[in-house]
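Structure file model_35.cif; described as mmCIF, C-alpha atoms and all ligand atoms.
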```
data_target
#
loop_
_atom_site.group_PDB
_atom_site.id
_atom_site.type_symbol
_atom_site.label_atom_id
_atom_site.label_comp_id
_atom_site.auth_asym_id
_atom_site.auth_seq_id
_atom_site.Cartn_x
_atom_site.Cartn_y
_atom_site.Cartn_z
ATOM 1 C CA ASP T 1 -60.002 -174.107 -52.826
ATOM 2 C CA ASN T 2 -60.534 -171.083 -55.096
ATOM 3 C CA SER T 3 -64.295 -171.092 -54.757
ATOM 4 C CA ASN T 4 -63.985 -170.163 -51.107
ATOM 5 C CA PRO T 5 -61.394 -167.463 -50.398
ATOM 6 C CA LEU T 6 -59.985 -166.977 -46.913
ATOM 7 C CA GLY T 7 -61.982 -164.305 -45.089
ATOM 8 C CA ILE T 8 -60.835 -162.484 -41.968
ATOM 9 C CA MET T 9 -62.662 -159.768 -40.051
ATOM 10 C CA ILE T 10 -60.884 -157.341 -37.779
ATOM 11 C CA SER T 11 -62.810 -155.389 -35.219
ATOM 12 C CA GLY T 12 -62.260 -153.131 -32.244
ATOM 13 C CA ALA T 13 -62.980 -149.685 -30.864
ATOM 14 C CA PRO T 14 -62.018 -146.524 -32.784
ATOM 15 C CA ALA T 15 -58.208 -146.264 -32.970
ATOM 16 C CA SER T 16 -57.716 -149.740 -31.510
ATOM 17 C CA GLY T 17 -55.281 -150.367 -34.395
ATOM 18 C CA LYS T 18 -57.395 -152.087 -37.047
ATOM 19 C CA GLY T 19 -55.920 -150.185 -39.988
ATOM 20 C CA THR T 20 -52.379 -150.580 -38.661
ATOM 21 C CA GLN T 21 -52.749 -154.347 -38.284
ATOM 22 C CA CYS T 22 -54.313 -154.563 -41.727
ATOM 23 C CA GLU T 23 -51.252 -152.823 -43.237
ATOM 24 C CA LEU T 24 -48.975 -155.385 -41.574
ATOM 25 C CA ILE T 25 -51.153 -158.391 -42.429
ATOM 26 C CA THR T 26 -51.578 -157.340 -46.065
ATOM 27 C CA GLU T 27 -47.857 -156.875 -46.501
ATOM 28 C CA LYS T 28 -47.016 -160.293 -45.107
ATOM 29 C CA TYR T 29 -49.966 -162.417 -46.182
ATOM 30 C CA GLY T 30 -51.276 -160.709 -49.318
ATOM 31 C CA LEU T 31 -54.928 -160.541 -48.334
ATOM 32 C CA VAL T 32 -56.998 -157.719 -49.824
ATOM 33 C CA HIS T 33 -57.663 -155.024 -47.207
ATOM 34 C CA ILE T 34 -61.195 -153.678 -47.345
ATOM 35 C CA ALA T 35 -61.894 -150.864 -44.875
ATOM 36 C CA ALA T 36 -65.461 -149.589 -44.676
ATOM 37 C CA GLY T 37 -64.248 -146.204 -43.380
ATOM 38 C CA ASP T 38 -61.785 -145.844 -46.298
ATOM 39 C CA LEU T 39 -64.470 -146.726 -48.841
ATOM 40 C CA LEU T 40 -66.699 -144.054 -47.294
ATOM 41 C CA ARG T 41 -63.946 -141.423 -47.319
ATOM 42 C CA THR T 42 -63.315 -142.193 -51.018
ATOM 43 C CA GLU T 43 -67.029 -141.709 -51.619
ATOM 44 C CA ILE T 44 -66.928 -138.331 -49.826
ATOM 45 C CA LYS T 45 -63.953 -137.232 -51.929
ATOM 46 C CA SER T 46 -65.759 -138.142 -55.147
ATOM 47 C CA GLY T 47 -68.481 -135.654 -54.224
ATOM 48 C CA SER T 48 -71.275 -138.207 -54.772
ATOM 49 C CA GLU T 49 -74.690 -137.991 -53.146
ATOM 50 C CA ASN T 50 -73.873 -141.065 -51.028
ATOM 51 C CA GLY T 51 -70.664 -139.383 -49.933
ATOM 52 C CA LYS T 52 -72.496 -136.221 -48.885
ATOM 53 C CA GLN T 53 -74.972 -138.206 -46.808
ATOM 54 C CA ALA T 54 -72.245 -140.383 -45.284
ATOM 55 C CA LYS T 55 -70.264 -137.342 -44.151
ATOM 56 C CA GLU T 56 -73.186 -136.085 -42.068
ATOM 57 C CA TYR T 57 -73.223 -139.294 -40.030
ATOM 58 C CA MET T 58 -69.444 -139.581 -39.780
ATOM 59 C CA ASP T 59 -69.262 -136.022 -38.451
ATOM 60 C CA LYS T 60 -71.490 -137.104 -35.589
ATOM 61 C CA GLY T 61 -69.663 -140.383 -34.975
ATOM 62 C CA GLN T 62 -72.769 -142.330 -35.930
ATOM 63 C CA LEU T 63 -73.165 -145.317 -38.219
ATOM 64 C CA VAL T 64 -73.762 -144.478 -41.858
ATOM 65 C CA PRO T 65 -77.096 -146.070 -42.919
ATOM 66 C CA ASP T 66 -77.070 -149.634 -44.252
ATOM 67 C CA GLU T 67 -78.487 -148.463 -47.612
ATOM 68 C CA ILE T 68 -75.114 -146.875 -48.324
ATOM 69 C CA VAL T 69 -72.688 -149.164 -46.531
ATOM 70 C CA VAL T 70 -73.926 -152.689 -47.198
ATOM 71 C CA LYS T 71 -73.838 -152.625 -50.999
ATOM 72 C CA MET T 72 -70.563 -150.719 -51.031
ATOM 73 C CA VAL T 73 -68.810 -153.373 -48.939
ATOM 74 C CA LYS T 74 -70.465 -156.319 -50.662
ATOM 75 C CA ASP T 75 -69.428 -155.056 -54.119
ATOM 76 C CA ARG T 76 -65.842 -154.660 -52.950
ATOM 77 C CA LEU T 77 -65.789 -158.162 -51.415
ATOM 78 C CA LEU T 78 -67.035 -159.672 -54.651
ATOM 79 C CA GLN T 79 -64.364 -158.051 -56.839
ATOM 80 C CA SER T 80 -61.978 -160.560 -58.368
ATOM 81 C CA ASP T 81 -58.889 -159.580 -56.336
ATOM 82 C CA SER T 82 -60.677 -160.240 -53.016
ATOM 83 C CA GLN T 83 -62.105 -163.482 -54.317
ATOM 84 C CA GLU T 84 -58.728 -164.682 -55.589
ATOM 85 C CA ASN T 85 -56.451 -163.583 -52.744
ATOM 86 C CA GLY T 86 -58.843 -163.658 -49.808
ATOM 87 C CA TRP T 87 -60.072 -160.639 -47.869
ATOM 88 C CA LEU T 88 -59.407 -158.780 -44.671
ATOM 89 C CA LEU T 89 -62.449 -156.784 -43.676
ATOM 90 C CA ASP T 90 -61.892 -153.791 -41.375
ATOM 91 C CA GLY T 91 -64.718 -151.822 -39.749
ATOM 92 C CA TYR T 92 -67.547 -153.977 -41.014
ATOM 93 C CA PRO T 93 -69.957 -155.269 -39.771
ATOM 94 C CA ARG T 94 -70.698 -152.664 -37.113
ATOM 95 C CA SER T 95 -74.276 -153.701 -36.395
ATOM 96 C CA LEU T 96 -76.339 -156.848 -36.306
ATOM 97 C CA SER T 97 -78.141 -155.902 -39.525
ATOM 98 C CA GLN T 98 -74.814 -155.509 -41.363
ATOM 99 C CA ALA T 99 -73.662 -158.914 -40.122
ATOM 100 C CA ILE T 100 -76.895 -160.541 -41.217
ATOM 101 C CA ALA T 101 -76.730 -158.890 -44.650
ATOM 102 C CA LEU T 102 -73.278 -160.337 -45.221
ATOM 103 C CA LYS T 103 -74.352 -163.781 -44.142
ATOM 104 C CA ASP T 104 -77.303 -163.605 -46.530
ATOM 105 C CA PHE T 105 -74.863 -162.913 -49.377
ATOM 106 C CA GLY T 106 -72.980 -166.098 -48.403
ATOM 107 C CA LEU T 107 -69.926 -164.145 -47.253
ATOM 108 C CA GLN T 108 -68.781 -165.727 -43.997
ATOM 109 C CA PRO T 109 -65.381 -165.131 -42.356
ATOM 110 C CA ASP T 110 -63.022 -167.889 -41.226
ATOM 111 C CA LEU T 111 -61.710 -165.836 -38.325
ATOM 112 C CA PHE T 112 -62.856 -162.763 -36.361
ATOM 113 C CA ILE T 113 -60.083 -160.819 -34.629
ATOM 114 C CA LEU T 114 -61.128 -158.458 -31.849
ATOM 115 C CA LEU T 115 -58.531 -155.895 -30.761
ATOM 116 C CA GLU T 116 -58.877 -154.942 -27.102
ATOM 117 C CA VAL T 117 -57.400 -151.614 -25.990
ATOM 118 C CA PRO T 118 -58.143 -149.684 -22.768
ATOM 119 C CA GLU T 119 -60.152 -146.545 -23.375
ATOM 120 C CA GLU T 120 -57.578 -144.110 -22.005
ATOM 121 C CA LEU T 121 -55.162 -145.178 -24.761
ATOM 122 C CA LEU T 122 -57.708 -144.706 -27.553
ATOM 123 C CA VAL T 123 -58.005 -140.936 -27.227
ATOM 124 C CA GLU T 124 -54.226 -140.516 -27.253
ATOM 125 C CA ARG T 125 -53.991 -142.666 -30.374
ATOM 126 C CA VAL T 126 -56.683 -140.702 -32.165
ATOM 127 C CA VAL T 127 -55.340 -137.225 -31.540
ATOM 128 C CA GLY T 128 -51.773 -138.269 -32.460
ATOM 129 C CA ARG T 129 -52.762 -140.049 -35.659
ATOM 130 C CA ARG T 130 -51.642 -138.683 -39.033
ATOM 131 C CA LEU T 131 -52.088 -140.066 -42.550
ATOM 132 C CA ASP T 132 -49.887 -139.892 -45.617
ATOM 133 C CA PRO T 133 -52.211 -138.937 -48.486
ATOM 134 C CA ASP T 134 -49.688 -140.233 -51.062
ATOM 135 C CA THR T 135 -49.162 -143.742 -49.681
ATOM 136 C CA GLY T 136 -52.189 -144.149 -47.408
ATOM 137 C CA LYS T 137 -49.839 -145.129 -44.560
ATOM 138 C CA ILE T 138 -50.927 -144.551 -40.963
ATOM 139 C CA TYR T 139 -48.606 -142.699 -38.577
ATOM 140 C CA HIS T 140 -48.647 -141.571 -34.970
ATOM 141 C CA MET T 141 -46.641 -138.562 -33.819
ATOM 142 C CA LYS T 142 -45.378 -140.481 -30.792
ATOM 143 C CA TYR T 143 -45.663 -144.203 -31.607
ATOM 144 C CA SER T 144 -45.008 -144.334 -35.384
ATOM 145 C CA PRO T 145 -43.465 -140.988 -36.357
ATOM 146 C CA PRO T 146 -42.761 -140.147 -40.026
ATOM 147 C CA GLU T 147 -39.433 -141.366 -41.462
ATOM 148 C CA ASN T 148 -38.271 -137.983 -42.743
ATOM 149 C CA ASP T 149 -39.185 -134.303 -43.140
ATOM 150 C CA GLU T 150 -40.619 -134.806 -46.599
ATOM 151 C CA VAL T 151 -43.188 -137.308 -45.346
ATOM 152 C CA ALA T 152 -43.796 -135.220 -42.202
ATOM 153 C CA SER T 153 -44.603 -132.131 -44.254
ATOM 154 C CA ARG T 154 -47.410 -133.781 -46.206
ATOM 155 C CA LEU T 155 -49.172 -135.646 -43.353
ATOM 156 C CA THR T 156 -52.846 -134.908 -42.820
ATOM 157 C CA GLN T 157 -55.387 -135.434 -40.057
ATOM 158 C CA ARG T 158 -58.827 -137.002 -40.364
ATOM 159 C CA PHE T 159 -61.842 -134.720 -39.890
ATOM 160 C CA ASP T 160 -63.234 -136.975 -37.146
ATOM 161 C CA ASP T 161 -59.988 -137.322 -35.183
ATOM 162 C CA THR T 162 -60.764 -134.973 -32.335
ATOM 163 C CA GLU T 163 -61.204 -135.905 -28.689
ATOM 164 C CA GLU T 164 -64.851 -134.861 -28.832
ATOM 165 C CA LYS T 165 -65.640 -136.933 -31.935
ATOM 166 C CA VAL T 166 -63.812 -140.044 -30.839
ATOM 167 C CA LYS T 167 -65.985 -140.097 -27.720
ATOM 168 C CA LEU T 168 -69.077 -140.138 -29.915
ATOM 169 C CA ARG T 169 -67.582 -142.903 -32.088
ATOM 170 C CA LEU T 170 -66.820 -144.873 -28.944
ATOM 171 C CA GLN T 171 -70.422 -144.572 -27.754
ATOM 172 C CA THR T 172 -71.668 -145.903 -31.083
ATOM 173 C CA TYR T 173 -69.200 -148.775 -30.804
ATOM 174 C CA HIS T 174 -70.418 -149.739 -27.330
ATOM 175 C CA GLN T 175 -74.041 -149.653 -28.440
ATOM 176 C CA ASN T 176 -73.444 -152.256 -31.148
ATOM 177 C CA VAL T 177 -70.484 -154.414 -30.241
ATOM 178 C CA GLU T 178 -72.283 -157.148 -28.278
ATOM 179 C CA ALA T 179 -74.807 -157.775 -31.043
ATOM 180 C CA VAL T 180 -72.061 -158.059 -33.647
ATOM 181 C CA LEU T 181 -69.971 -160.422 -31.510
ATOM 182 C CA SER T 182 -72.984 -162.675 -30.974
ATOM 183 C CA MET T 183 -72.919 -163.504 -34.702
ATOM 184 C CA TYR T 184 -69.327 -164.785 -34.626
ATOM 185 C CA GLU T 185 -69.051 -166.419 -31.191
ATOM 186 C CA ASP T 186 -67.364 -169.588 -32.464
ATOM 187 C CA ILE T 187 -64.624 -167.845 -34.465
ATOM 188 C CA ILE T 188 -63.739 -164.836 -32.253
ATOM 189 C CA PHE T 189 -60.115 -164.392 -31.235
ATOM 190 C CA LYS T 190 -59.506 -161.628 -28.683
ATOM 191 C CA VAL T 191 -56.116 -159.944 -28.882
ATOM 192 C CA ASP T 192 -54.496 -157.401 -26.558
ATOM 193 C CA GLY T 193 -54.104 -154.410 -28.857
ATOM 194 C CA SER T 194 -52.258 -152.222 -26.346
ATOM 195 C CA VAL T 195 -48.790 -153.680 -26.961
ATOM 196 C CA LYS T 196 -46.407 -152.659 -29.781
ATOM 197 C CA LYS T 197 -47.849 -153.065 -33.271
ATOM 198 C CA ASP T 198 -45.488 -155.897 -34.272
ATOM 199 C CA ASP T 199 -46.412 -157.792 -31.121
ATOM 200 C CA VAL T 200 -50.104 -157.296 -31.824
ATOM 201 C CA LEU T 201 -49.483 -158.875 -35.239
ATOM 202 C CA LEU T 202 -47.681 -161.864 -33.705
ATOM 203 C CA ARG T 203 -50.501 -162.409 -31.250
ATOM 204 C CA SER T 204 -53.221 -161.967 -33.877
ATOM 205 C CA THR T 205 -51.737 -164.643 -36.114
ATOM 206 C CA ARG T 206 -51.339 -167.140 -33.266
ATOM 207 C CA HIS T 207 -54.897 -168.354 -33.676
ATOM 208 C CA SER T 208 -55.381 -170.994 -36.404
ATOM 209 C CA PRO T 209 -51.672 -171.135 -37.392
ATOM 210 C CA SER T 210 -52.348 -173.551 -40.257
ATOM 211 C CA LEU T 211 -54.672 -171.034 -41.879
ATOM 212 C CA TRP T 212 -52.020 -168.278 -41.732
ATOM 213 C CA ASN T 213 -49.161 -170.542 -42.829
ATOM 214 C CA LYS T 214 -51.044 -171.657 -45.895
ATOM 215 C CA LYS T 215 -51.634 -168.027 -46.856
ATOM 216 C CA LEU T 216 -47.985 -167.129 -46.201
ATOM 217 C CA LEU T 217 -46.761 -169.843 -48.591
ATOM 218 C CA GLN T 218 -49.256 -168.802 -51.260
ATOM 219 C CA ASN T 219 -48.140 -165.187 -50.949
ATOM 220 C CA ARG T 220 -44.436 -166.107 -51.263
ATOM 221 C CA ARG T 221 -45.093 -168.095 -54.425
ATOM 222 C CA GLN T 222 -46.735 -165.100 -56.109
HETATM 223 P P1 LIG T 301 -63.322 -145.865 -39.433
HETATM 224 O O1 LIG T 301 -62.514 -145.148 -40.422
HETATM 225 O O2 LIG T 301 -63.415 -147.331 -39.550
HETATM 226 O O3 LIG T 301 -62.844 -145.427 -38.002
HETATM 227 P P2 LIG T 301 -62.769 -146.209 -36.595
HETATM 228 O O4 LIG T 301 -63.504 -147.466 -36.451
HETATM 229 O O5 LIG T 301 -63.087 -145.155 -35.604
HETATM 230 O O6 LIG T 301 -61.333 -146.712 -36.558
HETATM 231 P P3 LIG T 301 -60.084 -145.905 -36.887
HETATM 232 O O7 LIG T 301 -59.817 -145.899 -38.345
HETATM 233 O O8 LIG T 301 -60.185 -144.565 -36.203
HETATM 234 O O9 LIG T 301 -58.957 -146.654 -36.097
HETATM 235 P P4 LIG T 301 -58.168 -148.006 -36.340
HETATM 236 O O10 LIG T 301 -58.684 -149.034 -35.408
HETATM 237 O O11 LIG T 301 -58.059 -148.362 -37.782
HETATM 238 O O12 LIG T 301 -56.753 -147.533 -35.781
HETATM 239 P P5 LIG T 301 -55.374 -147.162 -36.526
HETATM 240 O O13 LIG T 301 -54.706 -148.403 -36.975
HETATM 241 O O14 LIG T 301 -55.554 -146.058 -37.503
HETATM 242 O O15 LIG T 301 -64.813 -145.273 -39.451
HETATM 243 C C1 LIG T 301 -65.045 -143.887 -39.452
HETATM 244 C C2 LIG T 301 -66.534 -143.581 -39.519
HETATM 245 O O16 LIG T 301 -67.085 -144.108 -40.727
HETATM 246 C C3 LIG T 301 -67.385 -144.191 -38.401
HETATM 247 O O17 LIG T 301 -67.409 -143.367 -37.273
HETATM 248 C C4 LIG T 301 -68.757 -144.300 -39.094
HETATM 249 O O18 LIG T 301 -69.404 -143.049 -39.095
HETATM 250 C C5 LIG T 301 -68.390 -144.640 -40.534
HETATM 251 N N1 LIG T 301 -68.376 -146.092 -40.768
HETATM 252 C C6 LIG T 301 -67.274 -146.887 -40.962
HETATM 253 N N2 LIG T 301 -67.626 -148.183 -41.140
HETATM 254 C C7 LIG T 301 -68.985 -148.208 -41.076
HETATM 255 C C8 LIG T 301 -69.945 -149.260 -41.143
HETATM 256 N N3 LIG T 301 -69.587 -150.558 -41.307
HETATM 257 N N4 LIG T 301 -71.240 -148.925 -41.012
HETATM 258 C C9 LIG T 301 -71.635 -147.651 -40.829
HETATM 259 N N5 LIG T 301 -70.778 -146.621 -40.734
HETATM 260 C C10 LIG T 301 -69.462 -146.888 -40.842
HETATM 261 O O19 LIG T 301 -54.544 -146.629 -35.269
HETATM 262 C C11 LIG T 301 -54.876 -145.434 -34.620
HETATM 263 C C12 LIG T 301 -53.584 -144.699 -34.197
HETATM 264 O O20 LIG T 301 -52.902 -145.481 -33.217
HETATM 265 C C13 LIG T 301 -52.591 -144.491 -35.353
HETATM 266 O O21 LIG T 301 -51.975 -143.260 -35.212
HETATM 267 C C14 LIG T 301 -51.578 -145.638 -35.175
HETATM 268 O O22 LIG T 301 -50.293 -145.281 -35.659
HETATM 269 C C15 LIG T 301 -51.601 -145.846 -33.681
HETATM 270 N N6 LIG T 301 -51.390 -147.247 -33.321
HETATM 271 C C16 LIG T 301 -51.969 -148.343 -33.892
HETATM 272 N N7 LIG T 301 -51.557 -149.467 -33.285
HETATM 273 C C17 LIG T 301 -50.710 -149.074 -32.297
HETATM 274 C C18 LIG T 301 -49.962 -149.793 -31.301
HETATM 275 N N8 LIG T 301 -50.021 -151.129 -31.209
HETATM 276 N N9 LIG T 301 -49.219 -149.079 -30.436
HETATM 277 C C19 LIG T 301 -49.163 -147.701 -30.516
HETATM 278 N N10 LIG T 301 -49.837 -146.982 -31.425
HETATM 279 C C20 LIG T 301 -50.613 -147.667 -32.308
#
```

Would you mind giving the structure from this file in structure tokens?
Amino acid sequence: DNSNPLGIMISGAPASGKGTQCELITEKYGLVHIAAGDLLRTEIKSGSENGKQAKEYMDKGQLVPDEIVVKMVKDRLLQSDSQENGWLLDGYPRSLSQAIALKDFGLQPDLFILLEVPEELLVERVVGRRLDPDTGKIYHMKYSPPENDEVASRLTQRFDDTEEKVKLRLQTYHQNVEAVLSMYEDIIFKVDGSVKKDDVLLRSTRHSPSLWNKKLLQNRRQ
């Protein structure tokens, strides 16, 4: 049914592994990965007024105002690639108002994956995280180290990946999570995100197997 693409949301605390799972899911199932945080960082890089404003909130670990985020995400969801291949939305919605806005646009997910990771692991994941600016790939100095010296030498760190800032991001998460979950009660699938990344993927795709299998076959045909 092309008029209604598959829609999956992935949620969880900062550094719970959303981006990592999205890399794995996209590779295998061909959904379009849309990460609110990545869209905002692209906006910052462009030097736009929205980017400048967004950075002030991100520096404090607070939610960027809806005026900036909602339209940005909606426009990306409505692009033809997301509508044709289905979408995998990461880091949105983060508040009740964002969830309601999406519903009002008629954009409802088929599945909501919630990654659960104990707090003591989150800080370790954040401070060890590195990013490859060339490929966008996510690394961790201990858990997913770079393949070779060339990659290692170009890895960068995010401006909000400090112990102090992740604690602020975590507070913001706790303030909003219950309200967001209340919007998706009937389609939430909770997954233990503390195991190895490949095992998290296996567990995440265990819910609604027919939905995933259909997507897998479509992706292989392409
Ligand atoms: P965002 O960029 O979305 O950050 P976040 O939610 O804090 O999540 P992260 O990207 O830090 O972590 P992740 O869950 O993707 O983990 P990852 O896979 O990288 O948002 C940043 C800011 O933007 C927010 O604070 C806010 O200001 C703003 N913002 C974003 N969306 C917004 C919205 N909708 N509304 C308003 N404002 C918004 O993994 C982390 C590390 O752990 C990596 O090093 C990885 O290699 C490692 N790892 C992952 N999985 C495993 C595993 N299973 N085992 C061992 N290590 C693992």

Spatial neighbours of stretch 105-111 of chain T, 9 Å, all atoms listed in the file, chain gap at least 5 places, as a CSV table (one decimal) with C-alpha atoms, in the frame of the given file:
```
chain,number,residue,atom,x,y,z
T,6,LEU,CA,-60.0,-167.0,-46.9
T,7,GLY,CA,-62.0,-164.3,-45.1
T,8,ILE,CA,-60.8,-162.5,-42.0
T,9,MET,CA,-62.7,-159.8,-40.1
T,10,ILE,CA,-60.9,-157.3,-37.8
T,74,LYS,CA,-70.5,-156.3,-50.7
T,77,LEU,CA,-65.8,-158.2,-51.4
T,87,TRP,CA,-60.1,-160.6,-47.9
T,89,LEU,CA,-62.4,-156.8,-43.7
T,100,ILE,CA,-76.9,-160.5,-41.2
T,184,TYR,CA,-69.3,-164.8,-34.6
T,186,ASP,CA,-67.4,-169.6,-32.5
T,187,ILE,CA,-64.6,-167.8,-34.5
T,188,ILE,CA,-63.7,-164.8,-32.3
T,189,PHE,CA,-60.1,-164.4,-31.2
T,207,HIS,CA,-54.9,-168.4,-33.7
T,208,SER,CA,-55.4,-171.0,-36.4
T,211,LEU,CA,-54.7,-171.0,-41.9
```

For the contact check between chain T and ligand LIG 301 (chain T), emit one row per residue of chain T within 7 Å, containing the shortest atom pair and the distance in Å rounded to one decimal, counting all atoms listed in the file, chain then rising number order, as CSV.
```
residue,atom,partner,partner_atom,distance
T:Gly12,CA,T:LIG301,O10,6.3
T:Ala13,CA,T:LIG301,O4,6.0
T:Pro14,CA,T:LIG301,O5,3.3
T:Ala15,CA,T:LIG301,O9,3.2
T:Ser16,CA,T:LIG301,O10,4.1
T:Gly17,CA,T:LIG301,O13,3.3
T:Lys18,CA,T:LIG301,O10,3.7
T:Gly19,CA,T:LIG301,O11,3.6
T:Thr20,CA,T:LIG301,O13,3.6
T:Gln21,CA,T:LIG301,O13,6.4
T:Ala35,CA,T:LIG301,O2,6.6
T:Ala36,CA,T:LIG301,N2,4.4
T:Gly37,CA,T:LIG301,O1,3.6
T:Asp38,CA,T:LIG301,O1,6.0
T:Leu40,CA,T:LIG301,O16,6.6
T:Tyr57,CA,T:LIG301,O18,5.4
T:Met58,CA,T:LIG301,O18,3.5
T:Gly61,CA,T:LIG301,O17,4.4
T:Gln62,CA,T:LIG301,O18,4.7
T:Leu63,CA,T:LIG301,N5,3.7
T:Val64,CA,T:LIG301,N5,3.8
T:Pro65,CA,T:LIG301,C9,6.1
T:Asp66,CA,T:LIG301,N4,6.7
T:Val69,CA,T:LIG301,N4,5.7
T:Asp90,CA,T:LIG301,O2,6.9
T:Gly91,CA,T:LIG301,O2,4.7
T:Tyr92,CA,T:LIG301,N3,4.0
T:Pro93,CA,T:LIG301,N3,5.0
T:Arg94,CA,T:LIG301,N3,4.8
T:Arg125,CA,T:LIG301,O20,4.1
T:Val126,CA,T:LIG301,C12,5.5
T:Gly128,CA,T:LIG301,O21,5.7
T:Arg129,CA,T:LIG301,O21,3.3
T:Arg130,CA,T:LIG301,O21,6.0
T:Ile138,CA,T:LIG301,O22,5.4
T:Tyr139,CA,T:LIG301,O22,4.2
T:His140,CA,T:LIG301,O21,3.7
T:Tyr143,CA,T:LIG301,N10,5.0
T:Ser144,CA,T:LIG301,O22,5.4
T:Arg169,CA,T:LIG301,O17,5.2
T:Gly193,CA,T:LIG301,N8,5.7
T:Ser194,CA,T:LIG301,N8,5.5
T:Val195,CA,T:LIG301,N8,5.1
T:Lys196,CA,T:LIG301,N8,4.2
T:Lys197,CA,T:LIG301,N8,3.6
T:Val200,CA,T:LIG301,N8,6.2
```

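When atom CA of T:Val73 is paired with atom CA of T:Glu43, their separation reads 12.1 Å.
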
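Between T:Ala54 and the residues T:Leu102, T:Met183, T:Leu39, T:Leu217, the shortest atom-to-atom distance, using all atoms listed in the file, involves T:Leu39.
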
So which residues touch stretch 159-161 of chain T within 7 Å, counting only C-alpha atoms, skipping near sequence neighbours fewer than 3 positions away, as a PDB file with C-alpha atoms, in the frame of the given file?
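Dumped to out_9.pdb:
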```
ATOM      1  CA  ASP T  59     -69.262-136.022 -38.451  1.00  0.00           C
ATOM      2  CA  VAL T 126     -56.683-140.702 -32.165  1.00  0.00           C
ATOM      3  CA  VAL T 127     -55.340-137.225 -31.540  1.00  0.00           C
ATOM      4  CA  LYS T 165     -65.640-136.933 -31.935  1.00  0.00           C
ATOM      5  CA  VAL T 166     -63.812-140.044 -30.839  1.00  0.00           C
TER       6      VAL T 166
END
```

*Mind giving me the straight-line distance from atom CA of T:Tyr173 to atom CA of T:Ser204 in Å, one decimal?*
20.9 Å

Which residues of stretch 63-165 of chain T sit at most 9 Å from stretch 175-182 of chain T, using all atoms listed in the file? Give each one's shortest atom pair and distance in Å (one decimal place), in chain and ascending residue order, as a Markdown table.
```
| residue | atom | partner | partner_atom | distance |
| --- | --- | --- | --- | --- |
| T:Pro93 | CA | T:Val180 | CA | 7.1 |
| T:Arg94 | CA | T:Val180 | CA | 6.6 |
| T:Ser95 | CA | T:Asn176 | CA | 5.5 |
| T:Leu96 | CA | T:Val180 | CA | 5.2 |
| T:Ser97 | CA | T:Val180 | CA | 8.7 |
| T:Gln98 | CA | T:Val180 | CA | 8.6 |
| T:Ala99 | CA | T:Val180 | CA | 6.7 |
| T:Phe112 | CA | T:Leu181 | CA | 8.9 |
```

*Can you turn the PyMOL selection byres (((chain T and resi 85) around 10) and not hetatm) into a concrete residue list for this file, as an MDAnalysis selection string?*
chainID T and resid 2 5:7 29:32 80:84 86:88 215 218:219

*Could you state the separation of atom CA of T:Leu122 and atom CA of T:Glu27 in Å, given to one decimal place?*
24.6 Å

Using the file's own x, y and z axes, what box holds all listed atoms of stretch 62-70 of chain T with 6 Å on each side, keeping edges along x, y and z, and what are its centre and edge lengths in Å to one decimal, as lines of an AutoDock Vina configuration file?
```
center_x = -75.6
center_y = -147.5
center_z = -42.1
size_x = 17.8
size_y = 22.4
size_z = 24.4
```

_Could you list, as a ChimeraX atom specification, every residue within 12 Å of T:Thr135, counting all atoms listed in the file and ignoring same-chain residues fewer than 6 positions away?_
/T:23,151,154-156

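Between T:Ser11 and the residues T:Asp75, T:Glu116, T:Glu185, T:Glu163, the shortest atom-to-atom distance, using all atoms listed in the file, involves T:Glu116.
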